[in-house]
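Asker: Sending over a structure as structure tokens; questions will come in a sec.
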Amino acid sequence: MVHSAATREILDLFKNLLREHGFQKFDRDQNTDDDTLMRFLAAKQFDLQAAFRQFEFFQKWRRQHQIRHFYEELDVEAYELTRQMYPQWIGRRDRDGHPIYVFPVKYLTRKKLDEYLEQISAAPKPASHEKSPVPAFELHFHALYENLLQFVLPLASELPRPDQSRPVSSSTHIVDISGVSLRQWWSIRKYLQLGSTLATAHYPETLGRVFVVGAPAFFKSVWEVVSQWFDPGTRAKISISSSSEAKSALLHHIDASDLPREYGGNLDWKWQDQPNLDPAARALVDELYHKTDRGEVFHKGPVIFQGGCIRLLGSVSGESRRNAFCQL
């Protein structure tokens, strides 16, 4: 990664501070790589002590609750169940190379949310987390971020983009609020707010542009409440458009070939589909597809992309899944 002299200097100061508190290894596997450290610094306006407090909390909490181990051992079907409740990566990137996630809020009804919470609480857990004090849905929420940090962003960082001097560290989101009633908003607001709070505390600066599309007339009053969930920096990244304005707003940042048809593009991708990878990404991780009677299917569940290697993780029917494919 290329940094300015000033940025390099403050990054070095941050590393020295971390060394004083026992951090000795700086790499992505430990979530101590330069890009991660820069995210925490940026989130705190490069205040070393404030960034350190948040980073130390993040690291201690992860170790205490064995988040990486949970990601590697969780049940594949439980992971898929959770994936269907949150923004989903469509397998494509915007013009700057950031992975695109889509979230049509209308599908998140109170009934579906209650059913999910019941199902995920009863889903198989790794033996290490049978008695975890962290609710099952929170553990699975963190597993989705593990997928972002350990698969999606590393893969995007290997692909062509305008600025290849630094890794891709954030994602672009399309949040579709068309067809959402005020009553539905009210019934799921605490769930959405908790997700925002967890993401801000543990995964700062992973959210890039956010396109809120399909805004109904009443959304202005809702936004007055929702906007308080975010810090000023995040609020500045969010743009809101009506259904009639959405297409032009999205196509300004996303090529039509990488935008789902529902939003004015040409991409065949619908909500709940697995990622539809572009040719460049497909060339790097082609092994993630397997042939079935229904054609090629993208492997479900947790996966890591590192050093040109794909590692399929998780558990299937109680048995650990450990397949690795490497580019020679």
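Just so we're on the same page: first chain in the structure tokens is A, next is B, and so on; residues restart at 1 for each chain, and ligands are numbered from 1 in the order they show up.
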Neighbouring residues of Asp34 (chain A) were defined as those with any atom within 12 Å, considering only C-alpha atoms; residues of the same chain fewer than 5 positions away were excluded. Please report them as an MDAnalysis selection string.
Answerer: chainID A and resid 1:3 7:8 10:12 14:15 25:29 39:41 166:167 169
Asker: To test your reading of the structure, identify every residue in region 152-311 of chain A that backbone DSSP assigns to strand (DSSP E), and report it as a PyMOL selection string.
Answerer: chain A and resi 171-176+207-213+238-241+289-292+295-298+303-306+309-311
Asker: What's the separation between CA of Ile304 (chain A) and CA of Phe325 (chain A), in Å to one decimal place?
Answerer: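 Pair CA of Ile304 (chain A) / CA of Phe325 (chain A) returns 10.6 Å.
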Asker: Do a neighbour search on Ser196 (chain A) at 12 Å with only C-alpha atoms, toss out local chain neighbours closer than 4 positions, and write the hits as a tab-separated table (two decimals) with N, CA and C atoms, in the first residue's frame.
Answerer:
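Saved the output as result-v1.tsv:
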```
chain	number	residue	atom	x	y	z
A	86	TYR	N	-29.40	-10.12	5.75
A	86	TYR	CA	-28.58	-8.90	5.75
A	86	TYR	C	-28.23	-8.51	4.30
A	141	PHE	N	-23.81	-12.51	12.88
A	141	PHE	CA	-23.59	-11.17	12.31
A	141	PHE	C	-22.09	-10.94	12.12
A	189	ARG	N	-36.96	-1.55	13.74
A	189	ARG	CA	-35.96	-0.49	13.93
A	189	ARG	C	-34.86	-0.90	14.90
A	190	LYS	N	-35.19	-1.60	15.99
A	190	LYS	CA	-34.18	-1.97	16.99
A	190	LYS	C	-33.17	-2.96	16.41
A	191	TYR	N	-33.64	-3.86	15.57
A	191	TYR	CA	-32.76	-4.84	14.92
A	191	TYR	C	-31.78	-4.12	13.98
A	192	LEU	N	-32.30	-3.18	13.21
A	192	LEU	CA	-31.43	-2.42	12.30
A	192	LEU	C	-30.45	-1.55	13.08
A	200	THR	N	-20.34	-0.23	13.63
A	200	THR	CA	-19.56	0.96	13.95
A	200	THR	C	-18.49	0.66	14.99
A	201	ALA	N	-18.83	-0.15	15.98
A	201	ALA	CA	-17.89	-0.45	17.06
A	201	ALA	C	-16.78	-1.39	16.63
A	202	HIS	N	-17.09	-2.39	15.80
A	202	HIS	CA	-16.13	-3.44	15.47
A	202	HIS	C	-15.51	-3.30	14.08
A	203	TYR	N	-16.20	-2.66	13.15
A	203	TYR	CA	-15.74	-2.65	11.76
A	203	TYR	C	-15.79	-1.24	11.17
A	204	PRO	N	-15.12	-0.29	11.80
A	204	PRO	CA	-15.19	1.10	11.33
A	204	PRO	C	-14.64	1.27	9.92
A	206	THR	N	-15.62	0.43	7.07
A	206	THR	CA	-15.79	-0.58	6.03
A	206	THR	C	-16.99	-0.24	5.14
A	207	LEU	N	-17.72	0.77	5.53
A	207	LEU	CA	-18.87	1.21	4.75
A	207	LEU	C	-18.46	2.39	3.89
A	226	VAL	N	-33.18	7.65	12.08
A	226	VAL	CA	-32.16	6.72	11.61
A	226	VAL	C	-30.79	7.38	11.51
A	227	SER	N	-30.74	8.62	11.08
A	227	SER	CA	-29.46	9.30	10.89
A	227	SER	C	-28.67	9.42	12.18
A	228	GLN	N	-29.36	9.36	13.32
A	228	GLN	CA	-28.67	9.46	14.60
A	228	GLN	C	-27.90	8.18	14.94
A	229	TRP	N	-28.15	7.12	14.19
A	229	TRP	CA	-27.41	5.87	14.42
A	229	TRP	C	-25.97	5.97	13.90
A	230	PHE	N	-25.71	6.95	13.06
A	230	PHE	CA	-24.42	7.02	12.38
A	230	PHE	C	-23.64	8.26	12.82
A	231	ASP	N	-22.32	8.14	12.76
A	231	ASP	CA	-21.48	9.30	13.03
A	231	ASP	C	-21.52	10.22	11.82
A	234	THR	N	-20.07	8.89	8.49
A	234	THR	CA	-20.90	7.90	7.80
A	234	THR	C	-22.12	8.56	7.16
```
Asker: Could you give me, as a ChimeraX atom specification, the residues within 10 Å of region 160-165 of chain A, counting only C-alpha atoms and dropping anything in the same chain fewer than 2 positions from it?
Answerer: /A:1-3,93-98,156-158,167-168,280-281
Asker: Mind writing the picked residues with N, CA, C and O atoms as a short mmCIF file (atom, residue, chain, number, x, y, z; two decimals), in the first residue's frame?
Answerer:
```
data_model
loop_
_atom_site.label_atom_id
_atom_site.label_comp_id
_atom_site.auth_asym_id
_atom_site.auth_seq_id
_atom_site.Cartn_x
_atom_site.Cartn_y
_atom_site.Cartn_z
N MET A 1 0.83 -1.19 0.00
CA MET A 1 0.00 0.00 0.00
C MET A 1 0.87 1.24 0.00
O MET A 1 1.87 1.32 0.70
N VAL A 2 0.48 2.25 -0.77
CA VAL A 2 1.23 3.49 -0.84
C VAL A 2 0.59 4.51 0.11
O VAL A 2 -0.61 4.77 0.04
N HIS A 3 1.40 5.08 1.01
CA HIS A 3 0.92 6.09 1.94
C HIS A 3 1.74 7.36 1.77
O HIS A 3 2.92 7.30 1.40
N ARG A 93 -18.61 -5.09 -8.57
CA ARG A 93 -17.97 -3.94 -7.93
C ARG A 93 -18.39 -2.66 -8.63
O ARG A 93 -18.79 -2.68 -9.80
N ASP A 94 -18.28 -1.55 -7.91
CA ASP A 94 -18.57 -0.26 -8.54
C ASP A 94 -17.36 0.18 -9.37
O ASP A 94 -16.36 -0.54 -9.47
N ARG A 95 -17.42 1.35 -9.95
CA ARG A 95 -16.35 1.80 -10.85
C ARG A 95 -15.02 2.03 -10.14
O ARG A 95 -13.97 2.07 -10.79
N ASP A 96 -15.06 2.20 -8.83
CA ASP A 96 -13.82 2.37 -8.07
C ASP A 96 -13.29 1.04 -7.53
O ASP A 96 -12.24 1.01 -6.89
N GLY A 97 -14.03 -0.05 -7.79
CA GLY A 97 -13.56 -1.36 -7.36
C GLY A 97 -14.13 -1.85 -6.04
O GLY A 97 -13.72 -2.90 -5.55
N HIS A 98 -15.07 -1.11 -5.46
CA HIS A 98 -15.65 -1.52 -4.18
C HIS A 98 -16.76 -2.55 -4.40
O HIS A 98 -17.62 -2.34 -5.28
N ALA A 156 -11.52 -8.48 -3.97
CA ALA A 156 -11.66 -7.22 -4.69
C ALA A 156 -10.31 -6.51 -4.84
O ALA A 156 -10.05 -5.85 -5.85
N SER A 157 -9.43 -6.68 -3.85
CA SER A 157 -8.12 -6.03 -3.88
C SER A 157 -7.20 -6.63 -4.93
O SER A 157 -6.21 -6.00 -5.33
N GLU A 158 -7.51 -7.83 -5.40
CA GLU A 158 -6.70 -8.48 -6.43
C GLU A 158 -7.19 -8.16 -7.84
O GLU A 158 -6.54 -8.54 -8.81
N PRO A 167 -5.13 -1.56 -0.97
CA PRO A 167 -6.20 -2.56 -0.98
C PRO A 167 -7.58 -1.92 -0.91
O PRO A 167 -7.73 -0.78 -0.44
N VAL A 168 -8.58 -2.64 -1.36
CA VAL A 168 -9.97 -2.21 -1.22
C VAL A 168 -10.38 -2.47 0.23
O VAL A 168 -10.21 -3.58 0.75
N ALA A 280 -13.29 -11.41 -14.30
CA ALA A 280 -11.98 -11.29 -13.63
C ALA A 280 -12.00 -11.98 -12.28
O ALA A 280 -11.04 -12.68 -11.91
N ALA A 281 -13.07 -11.81 -11.52
CA ALA A 281 -13.17 -12.46 -10.22
C ALA A 281 -13.35 -13.97 -10.39
O ALA A 281 -12.76 -14.77 -9.65
#
```
Asker: Point out the residue among A:Ile120, A:Leu74, A:Leu113, A:Ile238 with the least atom-to-atom distance to Val210 (chain A), counting only C-alpha atoms.
Answerer: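 Comparing A:Ile120, A:Leu74, A:Leu113, A:Ile238 against Val210 (chain A), the winner is A:Ile238.
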Asker: Ranking A:Ala123, A:Leu259, A:Cys326, A:Ala5 by minimum distance to Asp75 (chain A) and counting only C-alpha atoms, which one comes first?
Answerer: A:Ala123
Asker: Among the residues of region 4-219 of chain A, find those DSSP assigns to helix (DSSP H, G or I) from the backbone and print them as a PyMOL selection string.
Answerer: chain A and resi 5-20+28-30+34-43+48-65+67-73+76-83+105-107+110-122+127-129+136-157+182-202+219
Asker: Pick out the closest residue to Glu77 (chain A) from this set: A:Pro124, A:Leu251, A:Glu245, A:Thr36. Count only C-alpha atoms.
Answerer: A:Pro124
Asker: Which one of A:Ala199, A:Val105, A:Val213, A:Val152 sits closest to Leu182 (chain A) if you count only C-alpha atoms?
Answerer: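 Between A:Ala199, A:Val105, A:Val213, A:Val152, the residue approaching Leu182 (chain A) most closely is A:Val105.
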Asker: What's the 8 Å shell around Pro99 (chain A), counting only C-alpha atoms, without same-chain residues fewer than 6 positions away, as an NGL selection string?
Answerer: :A and (89-93 or 152-153 or 156 or 170-172)
Asker: Between CA of Phe211 (chain A) and CA of Ser239 (chain A), what is the spacing in Å?
Answerer: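 Answer for the CA of Ser239 (chain A) to CA of Phe211 (chain A) separation: 5.2 Å.
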Asker: Give me, as a ChimeraX atom specification, all polymer residues having an atom no more than 9 Å from Val134 (chain A), counting only C-alpha atoms and skipping those fewer than 5 positions away in the same chain.
Answerer: /A:65,129,139
Asker: Pull N, CA, C and O atoms from the residues just selected and write them as a PDB file, in the first residue's frame.
Answerer:
```pdb
ATOM      1  N   HIS A  65     -14.298 -14.098  22.482  1.00  0.00           N
ATOM      2  CA  HIS A  65     -15.441 -14.840  21.940  1.00  0.00           C
ATOM      3  C   HIS A  65     -15.078 -15.666  20.708  1.00  0.00           C
ATOM      4  O   HIS A  65     -15.966 -16.206  20.046  1.00  0.00           O
ATOM      5  N   HIS A 129     -18.714 -22.864  21.208  1.00  0.00           N
ATOM      6  CA  HIS A 129     -19.656 -21.770  21.428  1.00  0.00           C
ATOM      7  C   HIS A 129     -21.014 -22.243  21.941  1.00  0.00           C
ATOM      8  O   HIS A 129     -21.971 -21.474  21.951  1.00  0.00           O
ATOM      9  N   LEU A 139     -23.344 -13.591  16.943  1.00  0.00           N
ATOM     10  CA  LEU A 139     -22.183 -14.347  16.457  1.00  0.00           C
ATOM     11  C   LEU A 139     -22.237 -14.486  14.938  1.00  0.00           C
ATOM     12  O   LEU A 139     -21.221 -14.325  14.248  1.00  0.00           O
TER      13      LEU A 139
END
```
Asker: Contacts of Arg183 (chain A) at 10 Å or less, counting only C-alpha atoms, minus same-chain residues fewer than 4 places along, as a count of residues only?
Answerer: 4
Asker: Find, counting only C-alpha atoms, the residue in A:Phe46, A:Leu18, A:Asp255, A:Phe219 that gets nearest to Ala6 (chain A).
Answerer: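 Checking each of A:Phe46, A:Leu18, A:Asp255, A:Phe219 against Ala6 (chain A), counting only C-alpha atoms, the winner is A:Phe46.
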Asker: Kindly indicate which residue among A:Pro104, A:His173, A:Asn31, A:His140 lies nearest to Lys270 (chain A), using only C-alpha atoms for the distances.
Answerer: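 With only C-alpha atoms as the atom set, the closest residue is A:Pro104.
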